[in-house]
>>> print(open('data.txt').read())   # compact mmCIF, C-alpha atoms
# COMPACT_ATOMS: atom_id res chain seq x y z
CA MET A 1 68.49 160.92 75.87
CA ILE A 2 69.93 162.86 72.96
CA THR A 3 73.09 164.94 72.96
CA VAL A 4 73.93 167.19 70.02
CA THR A 5 77.60 167.97 69.37
CA HIS A 6 78.80 170.34 66.68
CA ARG A 7 82.09 169.29 65.15
CA GLN A 8 84.02 171.28 62.59
CA ASP A 9 82.38 169.75 59.52
CA CYS A 10 79.40 167.89 60.87
CA THR A 11 76.84 167.54 63.64
CA VAL A 12 76.71 164.45 65.83
CA MET A 13 73.45 163.35 67.47
CA SER A 14 74.27 160.85 70.21
CA PHE A 15 71.37 158.68 71.34
CA SER A 16 71.44 156.81 74.62
CA GLY A 17 69.01 154.49 76.37
CA GLU A 18 65.91 153.46 74.49
CA LEU A 19 64.45 154.95 71.33
CA ASN A 20 60.86 153.67 71.37
CA SER A 21 57.29 154.90 71.01
CA VAL A 22 57.60 156.83 74.29
CA THR A 23 60.89 158.59 73.49
CA ALA A 24 60.50 158.99 69.69
CA PRO A 25 58.67 162.36 69.90
CA GLU A 26 61.71 163.80 71.69
CA ALA A 27 63.95 162.44 68.92
CA ASP A 28 61.64 163.88 66.23
CA ALA A 29 61.89 167.33 67.79
CA ALA A 30 65.67 167.15 68.24
CA ILE A 31 66.26 165.93 64.67
CA ALA A 32 63.91 168.57 63.24
CA ALA A 33 65.78 171.26 65.18
CA VAL A 34 69.17 170.12 63.85
CA CYS A 35 67.84 170.05 60.28
CA LYS A 36 66.29 173.48 60.70
CA GLU A 37 69.67 174.87 61.74
CA GLY A 38 70.77 173.98 58.22
CA CYS A 39 72.95 171.02 59.16
CA MET A 40 74.43 169.50 55.97
CA ALA A 41 76.34 166.57 57.50
CA LEU A 42 74.76 164.55 60.29
CA ILE A 43 76.01 161.53 62.19
CA PHE A 44 73.55 159.39 64.14
CA ASP A 45 75.71 158.08 66.97
CA PHE A 46 74.13 154.98 68.53
CA ALA A 47 76.96 154.11 70.93
CA GLY A 48 74.72 154.41 73.99
CA LEU A 49 71.53 153.12 72.37
CA THR A 50 70.28 149.89 73.92
CA TYR A 51 66.88 149.50 72.27
CA LEU A 52 65.31 150.68 69.02
CA SER A 53 61.76 150.07 67.81
CA SER A 54 59.93 151.10 64.65
CA ALA A 55 58.91 154.41 66.23
CA GLY A 56 62.59 155.28 66.62
CA LEU A 57 63.42 153.95 63.16
CA ARG A 58 60.76 156.26 61.77
CA SER A 59 62.35 159.26 63.53
CA ILE A 60 65.77 158.42 62.07
CA LEU A 61 64.27 157.76 58.63
CA ILE A 62 62.44 161.11 58.59
CA GLY A 63 65.70 162.83 59.58
CA ALA A 64 67.59 161.04 56.81
CA LYS A 65 64.96 162.00 54.25
CA ASN A 66 65.17 165.62 55.37
CA MET A 67 68.96 165.60 55.05
CA ARG A 68 68.78 164.03 51.59
CA GLU A 69 66.14 166.48 50.34
CA ARG A 70 68.40 169.38 51.24
CA GLY A 71 71.41 167.76 49.60
CA GLY A 72 72.98 166.96 52.96
CA ARG A 73 74.84 163.87 54.05
CA PHE A 74 74.22 161.49 56.93
CA ALA A 75 75.66 158.32 58.37
CA VAL A 76 75.28 155.97 61.32
CA ALA A 77 78.11 155.35 63.79
CA ASN A 78 78.66 152.93 66.65
CA ALA A 79 75.50 150.87 66.18
CA GLY A 80 75.67 147.76 68.37
CA GLU A 81 74.64 144.30 67.25
CA LYS A 82 71.00 144.60 68.39
CA ILE A 83 70.55 147.99 66.77
CA GLN A 84 72.15 146.79 63.51
CA ARG A 85 69.79 143.84 63.49
CA VAL A 86 66.69 146.05 63.75
CA PHE A 87 67.98 148.13 60.82
CA GLN A 88 68.56 144.97 58.80
CA LEU A 89 65.23 143.32 59.66
CA SER A 90 63.33 146.49 58.77
CA GLY A 91 65.03 146.63 55.38
CA LEU A 92 66.20 150.17 56.12
CA ALA A 93 69.88 149.26 56.49
CA ARG A 94 70.34 149.83 52.77
CA HIS A 95 69.65 153.54 53.22
CA PHE A 96 72.27 154.05 55.92
CA ALA A 97 76.02 153.83 55.64
CA SER A 98 77.17 152.47 58.99
CA PHE A 99 80.60 153.04 60.56
CA ALA A 100 82.47 151.76 63.59
CA SER A 101 83.33 155.23 64.86
CA ILE A 102 82.33 158.87 64.55
CA GLU A 103 85.70 159.59 62.93
CA ASP A 104 85.10 156.95 60.24
CA ALA A 105 81.61 158.31 59.59
CA GLU A 106 82.97 161.83 59.35
CA ALA A 107 85.71 160.71 56.97
CA SER A 108 83.06 159.20 54.69
CA PHE A 109 81.63 162.68 54.12
CA THR A 110 84.80 163.89 52.43
CA GLY A 111 84.46 161.46 49.52
CA GLU A 112 82.91 162.58 46.25
CA GLU A 113 79.90 160.27 46.30
CA PRO A 114 77.13 161.25 48.73
CA ALA A 115 76.52 158.56 51.36
CA ARG A 116 73.74 156.27 50.24
CA MET B 1 46.12 146.79 80.36
CA ARG B 2 44.34 149.93 79.15
CA ASN B 3 44.82 151.52 75.72
CA GLN B 4 47.33 154.05 77.02
CA MET B 5 51.03 154.42 76.34
CA ALA B 6 51.71 154.66 80.10
CA ASP B 7 50.23 151.18 80.51
CA LEU B 8 52.43 149.86 77.72
CA ALA B 9 55.51 151.22 79.52
CA GLU B 10 54.28 149.63 82.76
CA LEU B 11 53.70 146.28 81.00
CA ASP B 12 57.25 146.45 79.64
CA ARG B 13 58.60 147.01 83.18
CA ARG B 14 56.53 144.17 84.63
CA ILE B 15 57.64 141.70 81.97
CA ALA B 16 61.28 142.70 82.44
CA ALA B 17 60.97 141.77 86.12
CA LEU B 18 59.72 138.22 85.45
CA PRO B 19 62.21 135.39 86.10
CA GLU B 20 60.86 133.62 83.00
CA PHE B 21 61.83 136.65 80.94
CA ALA B 22 65.34 136.70 82.40
CA ALA B 23 65.74 133.06 81.39
CA LEU B 24 65.23 133.84 77.68
CA SER B 25 68.14 134.48 75.34
CA GLY B 26 69.10 138.12 74.79
CA GLU B 27 67.76 137.93 71.27
CA SER B 28 64.38 136.59 72.41
CA ARG B 29 64.11 139.22 75.15
CA TYR B 30 64.64 141.97 72.60
CA ALA B 31 62.23 140.37 70.11
CA LEU B 32 59.50 139.93 72.73
CA ARG B 33 59.71 143.53 73.95
CA LEU B 34 59.77 144.83 70.38
CA ALA B 35 56.83 142.70 69.18
CA LEU B 36 54.70 143.75 72.16
CA GLU B 37 55.55 147.43 71.73
CA GLU B 38 54.86 147.37 67.99
CA MET B 39 51.54 145.55 68.08
CA ILE B 40 50.14 147.20 71.22
CA SER B 41 51.19 150.74 70.26
CA ASN B 42 49.47 150.15 66.90
CA VAL B 43 46.23 149.29 68.67
CA ILE B 44 46.53 152.30 71.00
CA LYS B 45 47.27 154.72 68.15
CA TYR B 46 45.04 153.41 65.37
CA GLY B 47 42.60 150.94 66.90
CA TYR B 48 39.95 153.23 68.28
CA GLU B 49 37.78 155.98 66.92
CA ASP B 50 36.52 157.07 70.35
CA ARG B 51 38.50 158.43 73.27
CA ASP B 52 37.22 155.86 75.75
CA VAL B 53 39.28 153.56 77.88
CA HIS B 54 39.54 150.08 76.36
CA GLU B 55 41.05 146.92 77.70
CA ILE B 56 43.81 145.19 75.77
CA GLY B 57 44.44 141.58 76.79
CA VAL B 58 48.04 140.38 76.94
CA ASP B 59 48.65 136.68 77.59
CA LEU B 60 52.17 135.32 77.70
CA ASP B 61 52.90 131.62 77.89
CA PHE B 62 56.57 131.10 78.67
CA ARG B 63 57.79 127.73 77.46
CA SER B 64 61.25 126.25 77.69
CA ASP B 65 62.40 127.53 74.32
CA ALA B 66 59.83 130.13 73.29
CA VAL B 67 57.09 132.49 74.39
CA ARG B 68 53.60 132.17 73.01
CA VAL B 69 51.87 135.56 72.91
CA ARG B 70 48.17 136.33 72.60
CA LEU B 71 46.90 139.89 72.23
CA THR B 72 43.20 140.68 72.35
CA ASP B 73 41.56 144.04 71.69
CA ASP B 74 38.12 145.42 70.84
CA GLY B 75 39.41 148.01 68.37
CA ARG B 76 38.63 148.15 64.68
CA ALA B 77 39.43 145.01 62.71
CA PHE B 78 43.09 144.85 61.79
CA ASN B 79 44.72 141.79 60.31
CA PRO B 80 48.49 142.37 60.27
CA LEU B 81 48.92 139.38 57.96
CA THR B 82 46.97 140.94 55.10
CA GLU B 83 46.85 144.67 55.76
CA ALA B 84 50.57 145.23 56.04
CA LYS B 85 51.60 143.61 52.77
CA LYS B 86 51.93 146.97 51.09
CA THR B 87 55.01 147.75 53.15
CA ARG B 88 58.04 147.46 50.94
CA THR B 89 61.55 148.60 51.35
CA ALA B 90 62.35 150.94 48.51
CA ALA B 91 65.67 150.97 46.70
CA ASP B 92 65.83 154.74 46.96
CA LEU B 93 65.45 156.70 50.17
CA SER B 94 63.12 159.24 48.59
CA GLU B 95 60.71 156.40 47.68
CA GLN B 96 60.88 154.80 51.11
CA GLY B 97 57.57 154.86 52.98
CA ILE B 98 57.58 155.59 56.69
CA GLY B 99 54.46 153.63 57.66
CA GLY B 100 53.98 149.98 58.49
CA LEU B 101 57.52 149.47 59.77
CA GLY B 102 56.37 148.03 63.09
CA VAL B 103 54.12 145.34 61.68
CA PHE B 104 56.81 144.53 59.10
CA LEU B 105 59.35 144.04 61.91
CA VAL B 106 57.01 141.78 63.86
CA ARG B 107 56.44 139.67 60.77
CA GLN B 108 60.21 139.23 60.55
CA LEU B 109 60.65 138.41 64.24
CA ALA B 110 57.60 136.39 65.18
CA GLY B 111 56.77 132.87 64.19
CA ASP B 112 53.45 131.13 63.71
CA LEU B 113 51.53 134.41 63.39
CA LYS B 114 47.77 133.84 63.53
CA TYR B 115 44.95 136.34 63.39
CA ARG B 116 41.24 135.99 63.86
CA ARG B 117 38.31 138.33 64.42
CA GLU B 118 35.94 136.95 67.00
CA ALA B 119 32.96 138.66 68.65
CA ASP B 120 34.16 142.13 67.57
CA ARG B 121 37.63 141.45 68.90
CA ASN B 122 41.01 141.12 67.24
CA ILE B 123 42.90 138.09 68.46
CA LEU B 124 46.53 137.94 67.43
CA GLU B 125 48.80 135.06 68.36
CA PHE B 126 52.46 134.54 67.66
CA THR B 127 55.59 132.89 69.01
CA ILE B 128 58.88 134.50 69.94
CA GLY B 129 61.97 132.41 70.42
CA GLU B 130 63.91 129.61 68.82
CA ALA B 131 60.87 127.44 68.19
CA GLY B 132 58.95 130.27 66.61
CA ARG B 133 61.73 131.49 64.40
CA LYS B 134 61.07 131.45 60.69
>>> encode(input="data.txt", output="structure tokens")
Amino acid sequence: MITVTHRQDCTVMSFSGELNSVTAPEADAAIAAVCKEGCMALIFDFAGLTYLSSAGLRSILIGAKNMRERGGRFAVANAGEKIQRVFQLSGLARHFASFASIEDAEASFTGEEPAR
Amino acid sequence: MRNQMADLAELDRRIAALPEFAALSGESRYALRLALEEMISNVIKYGYEDRDVHEIGVDLDFRSDAVRVRLTDDGRAFNPLTEAKKTRTAADLSEQGIGGLGVFLVRQLAGDLKYRREADRNILEFTIGEAGRK
């Protein structure tokens, strides 16, 4: 399940349960909608995410590419050990700055360098 | 199981209910579910040119420290050991490809990966667990 929260300076997409080949289409649609709204700072909040497969990774990656293309910023927050490991094994971890809280992720957006 | 996503979800539920599955480490449980989802969803999505129902064979051999997996399908020939070598992680996000992530993950997680094409069938075998770890 995906919950979208608009904060003052960014949008938070909170994922819970499993992001797999069955649920990825829902994530694709939700991420596309947030990008279409013109979101320029997006936090992928994985606090409630228990399982992530390549289908879900692809959804997140497409969202990140969209943000980058529009000059927006993005970051990951609250990824648990299992979720971190999938990011690392896939080699995609390098594209995502990962933070221990939404507040830390949000604070990273105020720096001069765009999040890598 | 049939080449349908609903059957993959049902397989996942059935495996989760097995006592042998519960006895695995948390890491192995995750790796087994992930490897099955990645390889089977690949076959369902890309394996067939027709819209017919096909049977995908899933054999699991739970051992004390590992699970030996064998997947059999009659889809088009696909050798994950050779065909997925193009997948690279790019230094820059804009250069990063979005395909082949699943097979790449399985190659990281599974040990002793073996593929053969036999009588118009793909037969893929691998091991998940401590013994199969690279």
>>> closest_atom_pairs(input="data.txt", of="chain A", to="chain B", cutoff="7 Å", atoms="only C-alpha atoms", output="Markdown table")
| residue | atom | partner | partner_atom | distance |
| --- | --- | --- | --- | --- |
| A:Ser53 | CA | B:Leu34 | CA | 6.2 |
| A:Ser54 | CA | B:Gly102 | CA | 5.0 |
| A:Arg58 | CA | B:Ile98 | CA | 6.0 |
| A:Lys65 | CA | B:Ser94 | CA | 6.6 |
| A:Leu89 | CA | B:Leu105 | CA | 6.3 |
| A:Ser90 | CA | B:Leu105 | CA | 5.6 |
| A:Gly91 | CA | B:Thr89 | CA | 5.7 |
| A:Leu92 | CA | B:Thr89 | CA | 6.8 |
| A:His95 | CA | B:Leu93 | CA | 6.1 |
>>> residues_near_point(input="data.txt", point="(76.1, 160.3, 57.8)", cutoff="7 Å", atoms="all atoms listed in the file", output="list in words")
Ala41, Leu42, Ile43, Phe44, Arg73, Phe74, Ala75, Val76, Ala97, Ala105 and Ala115 of chain A
>>> atom_distance(input="data.txt", atom1="CA of Leu19 (chain A)", atom2="CA of Phe46 (chain A)")
10.1 Å
>>> closest_residue(input="data.txt", among="B:Gly129, B:Pro80, B:Pro19, B:Gly57", to="Arg116 (chain B)", atoms="only C-alpha atoms")
B:Pro80
>>> closest_residue(input="data.txt", among="B:Thr82, B:Asn42, B:Ser28, B:Asn122", to="Ala55 (chain A)", atoms="only C-alpha atoms")
B:Asn42
>>> closest_residue(input="data.txt", among="A:Ser16, A:Thr23, A:Asn78, A:Asn66", to="Glu103 (chain A)", atoms="all atoms listed in the file")
A:Asn78
>>> closest_residue(input="data.txt", among="B:Val53, B:Ile123, B:Ile128, B:Leu18", to="Leu71 (chain B)", atoms="all atoms listed in the file")
B:Ile123
>>> closest_residue(input="data.txt", among="B:Arg121, B:Lys45, B:His54, B:Arg29", to="Ala66 (chain B)", atoms="only C-alpha atoms")
B:Arg29
>>> closest_residue(input="data.txt", among="A:Ser108, A:Ser14, A:Asn20, A:Ser101", to="Leu57 (chain A)", atoms="only C-alpha atoms")
A:Asn20
>>> atom_distance(input="data.txt", atom1="CA of Ala79 (chain A)", atom2="CA of Ser21 (chain A)")
19.3 Å
>>> residues_around(input="data.txt", residues="Ile44 (chain B)", least_positions_apart="3", cutoff="7 Å", atoms="all atoms listed in the file", output="ChimeraX atom specification")
/B:3-4,40-41,47
>>> atom_distance(input="data.txt", atom1="CA of Leu11 (chain B)", atom2="CA of Glu83 (chain B)")
26.2 Å
>>> axis_aligned_box(input="data.txt", around="region 115-124 of chain B", padding_each_side="3 Å", output="lines of an AutoDock Vina configuration file")
center_x = 39.7
center_y = 139.1
center_z = 66.1
size_x = 19.6
size_y = 12.1
size_z = 11.5
>>> decode(input="data.txt", residues="region 86-125 of chain B", atoms="N, CA and C atoms", output="PDB file, in the first residue's frame")
ATOM      1  N   LYS B  86      24.711  -8.554 -20.072  1.00  0.00           N
ATOM      2  CA  LYS B  86      24.733  -7.161 -20.491  1.00  0.00           C
ATOM      3  C   LYS B  86      24.370  -6.207 -19.346  1.00  0.00           C
ATOM      4  N   THR B  87      23.663  -6.750 -18.354  1.00  0.00           N
ATOM      5  CA  THR B  87      23.213  -5.906 -17.254  1.00  0.00           C
ATOM      6  C   THR B  87      24.403  -5.361 -16.472  1.00  0.00           C
ATOM      7  N   ARG B  88      24.489  -4.071 -16.438  1.00  0.00           N
ATOM      8  CA  ARG B  88      25.574  -3.430 -15.697  1.00  0.00           C
ATOM      9  C   ARG B  88      24.960  -2.324 -14.854  1.00  0.00           C
ATOM     10  N   THR B  89      25.585  -2.080 -13.736  1.00  0.00           N
ATOM     11  CA  THR B  89      25.133  -0.916 -12.988  1.00  0.00           C
ATOM     12  C   THR B  89      25.963   0.266 -13.466  1.00  0.00           C
ATOM     13  N   ALA B  90      25.260   1.299 -13.874  1.00  0.00           N
ATOM     14  CA  ALA B  90      25.923   2.475 -14.422  1.00  0.00           C
ATOM     15  C   ALA B  90      26.321   3.422 -13.298  1.00  0.00           C
ATOM     16  N   ALA B  91      27.381   4.170 -13.534  1.00  0.00           N
ATOM     17  CA  ALA B  91      27.828   5.142 -12.536  1.00  0.00           C
ATOM     18  C   ALA B  91      26.816   6.271 -12.412  1.00  0.00           C
ATOM     19  N   ASP B  92      26.220   6.627 -13.548  1.00  0.00           N
ATOM     20  CA  ASP B  92      25.267   7.736 -13.532  1.00  0.00           C
ATOM     21  C   ASP B  92      23.844   7.219 -13.706  1.00  0.00           C
ATOM     22  N   LEU B  93      22.939   7.830 -12.975  1.00  0.00           N
ATOM     23  CA  LEU B  93      21.534   7.396 -13.002  1.00  0.00           C
ATOM     24  C   LEU B  93      20.945   7.464 -14.405  1.00  0.00           C
ATOM     25  N   SER B  94      21.300   8.495 -15.160  1.00  0.00           N
ATOM     26  CA  SER B  94      20.720   8.651 -16.495  1.00  0.00           C
ATOM     27  C   SER B  94      21.145   7.520 -17.436  1.00  0.00           C
ATOM     28  N   GLU B  95      22.299   6.878 -17.113  1.00  0.00           N
ATOM     29  CA  GLU B  95      22.803   5.782 -17.952  1.00  0.00           C
ATOM     30  C   GLU B  95      22.312   4.417 -17.470  1.00  0.00           C
ATOM     31  N   GLN B  96      21.667   4.424 -16.310  1.00  0.00           N
ATOM     32  CA  GLN B  96      21.263   3.158 -15.698  1.00  0.00           C
ATOM     33  C   GLN B  96      20.110   2.507 -16.460  1.00  0.00           C
ATOM     34  N   GLY B  97      20.319   1.265 -16.919  1.00  0.00           N
ATOM     35  CA  GLY B  97      19.251   0.527 -17.580  1.00  0.00           C
ATOM     36  C   GLY B  97      18.240   0.021 -16.572  1.00  0.00           C
ATOM     37  N   ILE B  98      17.011  -0.225 -17.033  1.00  0.00           N
ATOM     38  CA  ILE B  98      15.997  -0.692 -16.093  1.00  0.00           C
ATOM     39  C   ILE B  98      15.647  -2.159 -16.318  1.00  0.00           C
ATOM     40  N   GLY B  99      16.272  -2.791 -17.305  1.00  0.00           N
ATOM     41  CA  GLY B  99      15.982  -4.203 -17.569  1.00  0.00           C
ATOM     42  C   GLY B  99      17.006  -5.126 -16.937  1.00  0.00           C
ATOM     43  N   GLY B 100      16.651  -6.383 -16.828  1.00  0.00           N
ATOM     44  CA  GLY B 100      17.597  -7.398 -16.374  1.00  0.00           C
ATOM     45  C   GLY B 100      17.948  -7.380 -14.900  1.00  0.00           C
ATOM     46  N   LEU B 101      17.237  -6.540 -14.135  1.00  0.00           N
ATOM     47  CA  LEU B 101      17.555  -6.438 -12.698  1.00  0.00           C
ATOM     48  C   LEU B 101      17.269  -7.738 -11.948  1.00  0.00           C
ATOM     49  N   GLY B 102      16.180  -8.400 -12.336  1.00  0.00           N
ATOM     50  CA  GLY B 102      15.772  -9.614 -11.629  1.00  0.00           C
ATOM     51  C   GLY B 102      16.786 -10.728 -11.767  1.00  0.00           C
ATOM     52  N   VAL B 103      17.189 -10.991 -13.002  1.00  0.00           N
ATOM     53  CA  VAL B 103      18.168 -12.050 -13.244  1.00  0.00           C
ATOM     54  C   VAL B 103      19.493 -11.689 -12.567  1.00  0.00           C
ATOM     55  N   PHE B 104      19.841 -10.421 -12.620  1.00  0.00           N
ATOM     56  CA  PHE B 104      21.077  -9.954 -11.962  1.00  0.00           C
ATOM     57  C   PHE B 104      21.019 -10.250 -10.465  1.00  0.00           C
ATOM     58  N   LEU B 105      19.872  -9.961  -9.845  1.00  0.00           N
ATOM     59  CA  LEU B 105      19.701 -10.223  -8.407  1.00  0.00           C
ATOM     60  C   LEU B 105      19.848 -11.706  -8.100  1.00  0.00           C
ATOM     61  N   VAL B 106      19.216 -12.536  -8.931  1.00  0.00           N
ATOM     62  CA  VAL B 106      19.273 -13.982  -8.684  1.00  0.00           C
ATOM     63  C   VAL B 106      20.709 -14.479  -8.794  1.00  0.00           C
ATOM     64  N   ARG B 107      21.441 -13.920  -9.749  1.00  0.00           N
ATOM     65  CA  ARG B 107      22.846 -14.325  -9.889  1.00  0.00           C
ATOM     66  C   ARG B 107      23.665 -13.943  -8.665  1.00  0.00           C
ATOM     67  N   GLN B 108      23.242 -12.894  -7.972  1.00  0.00           N
ATOM     68  CA  GLN B 108      23.928 -12.487  -6.739  1.00  0.00           C
ATOM     69  C   GLN B 108      23.548 -13.398  -5.565  1.00  0.00           C
ATOM     70  N   LEU B 109      22.281 -13.833  -5.563  1.00  0.00           N
ATOM     71  CA  LEU B 109      21.740 -14.543  -4.401  1.00  0.00           C
ATOM     72  C   LEU B 109      21.901 -16.051  -4.459  1.00  0.00           C
ATOM     73  N   ALA B 110      21.844 -16.592  -5.676  1.00  0.00           N
ATOM     74  CA  ALA B 110      21.803 -18.044  -5.808  1.00  0.00           C
ATOM     75  C   ALA B 110      23.192 -18.608  -6.023  1.00  0.00           C
ATOM     76  N   GLY B 111      23.380 -19.811  -5.562  1.00  0.00           N
ATOM     77  CA  GLY B 111      24.647 -20.491  -5.788  1.00  0.00           C
ATOM     78  C   GLY B 111      24.459 -21.617  -6.785  1.00  0.00           C
ATOM     79  N   ASP B 112      25.548 -22.072  -7.357  1.00  0.00           N
ATOM     80  CA  ASP B 112      25.543 -23.283  -8.166  1.00  0.00           C
ATOM     81  C   ASP B 112      24.475 -23.234  -9.268  1.00  0.00           C
ATOM     82  N   LEU B 113      24.401 -22.100  -9.951  1.00  0.00           N
ATOM     83  CA  LEU B 113      23.381 -21.888 -10.979  1.00  0.00           C
ATOM     84  C   LEU B 113      23.724 -22.706 -12.229  1.00  0.00           C
ATOM     85  N   LYS B 114      22.756 -23.550 -12.636  1.00  0.00           N
ATOM     86  CA  LYS B 114      22.997 -24.392 -13.818  1.00  0.00           C
ATOM     87  C   LYS B 114      21.813 -24.288 -14.754  1.00  0.00           C
ATOM     88  N   TYR B 115      22.116 -24.178 -16.041  1.00  0.00           N
ATOM     89  CA  TYR B 115      21.043 -24.108 -17.028  1.00  0.00           C
ATOM     90  C   TYR B 115      21.277 -25.131 -18.119  1.00  0.00           C
ATOM     91  N   ARG B 116      20.190 -25.775 -18.540  1.00  0.00           N
ATOM     92  CA  ARG B 116      20.283 -26.587 -19.752  1.00  0.00           C
ATOM     93  C   ARG B 116      18.965 -26.545 -20.511  1.00  0.00           C
ATOM     94  N   ARG B 117      19.060 -26.741 -21.815  1.00  0.00           N
ATOM     95  CA  ARG B 117      17.879 -26.804 -22.678  1.00  0.00           C
ATOM     96  C   ARG B 117      17.750 -28.259 -23.068  1.00  0.00           C
ATOM     97  N   GLU B 118      16.580 -28.831 -22.754  1.00  0.00           N
ATOM     98  CA  GLU B 118      16.413 -30.263 -22.970  1.00  0.00           C
ATOM     99  C   GLU B 118      15.004 -30.508 -23.477  1.00  0.00           C
ATOM    100  N   ALA B 119      14.887 -31.127 -24.638  1.00  0.00           N
ATOM    101  CA  ALA B 119      13.581 -31.449 -25.228  1.00  0.00           C
ATOM    102  C   ALA B 119      12.661 -30.220 -25.236  1.00  0.00           C
ATOM    103  N   ASP B 120      13.166 -29.123 -25.781  1.00  0.00           N
ATOM    104  CA  ASP B 120      12.394 -27.876 -25.889  1.00  0.00           C
ATOM    105  C   ASP B 120      11.970 -27.300 -24.538  1.00  0.00           C
ATOM    106  N   ARG B 121      12.718 -27.635 -23.517  1.00  0.00           N
ATOM    107  CA  ARG B 121      12.411 -27.089 -22.193  1.00  0.00           C
ATOM    108  C   ARG B 121      13.639 -26.409 -21.591  1.00  0.00           C
ATOM    109  N   ASN B 122      13.383 -25.339 -20.859  1.00  0.00           N
ATOM    110  CA  ASN B 122      14.439 -24.707 -20.071  1.00  0.00           C
ATOM    111  C   ASN B 122      14.469 -25.388 -18.710  1.00  0.00           C
ATOM    112  N   ILE B 123      15.632 -25.795 -18.292  1.00  0.00           N
ATOM    113  CA  ILE B 123      15.759 -26.369 -16.949  1.00  0.00           C
ATOM    114  C   ILE B 123      16.820 -25.556 -16.200  1.00  0.00           C
ATOM    115  N   LEU B 124      16.354 -24.893 -15.157  1.00  0.00           N
ATOM    116  CA  LEU B 124      17.247 -24.027 -14.388  1.00  0.00           C
ATOM    117  C   LEU B 124      17.343 -24.569 -12.965  1.00  0.00           C
ATOM    118  N   GLU B 125      18.557 -24.737 -12.499  1.00  0.00           N
ATOM    119  CA  GLU B 125      18.760 -25.235 -11.135  1.00  0.00           C
ATOM    120  C   GLU B 125      19.680 -24.293 -10.374  1.00  0.00           C
TER     121      GLU B 125
END
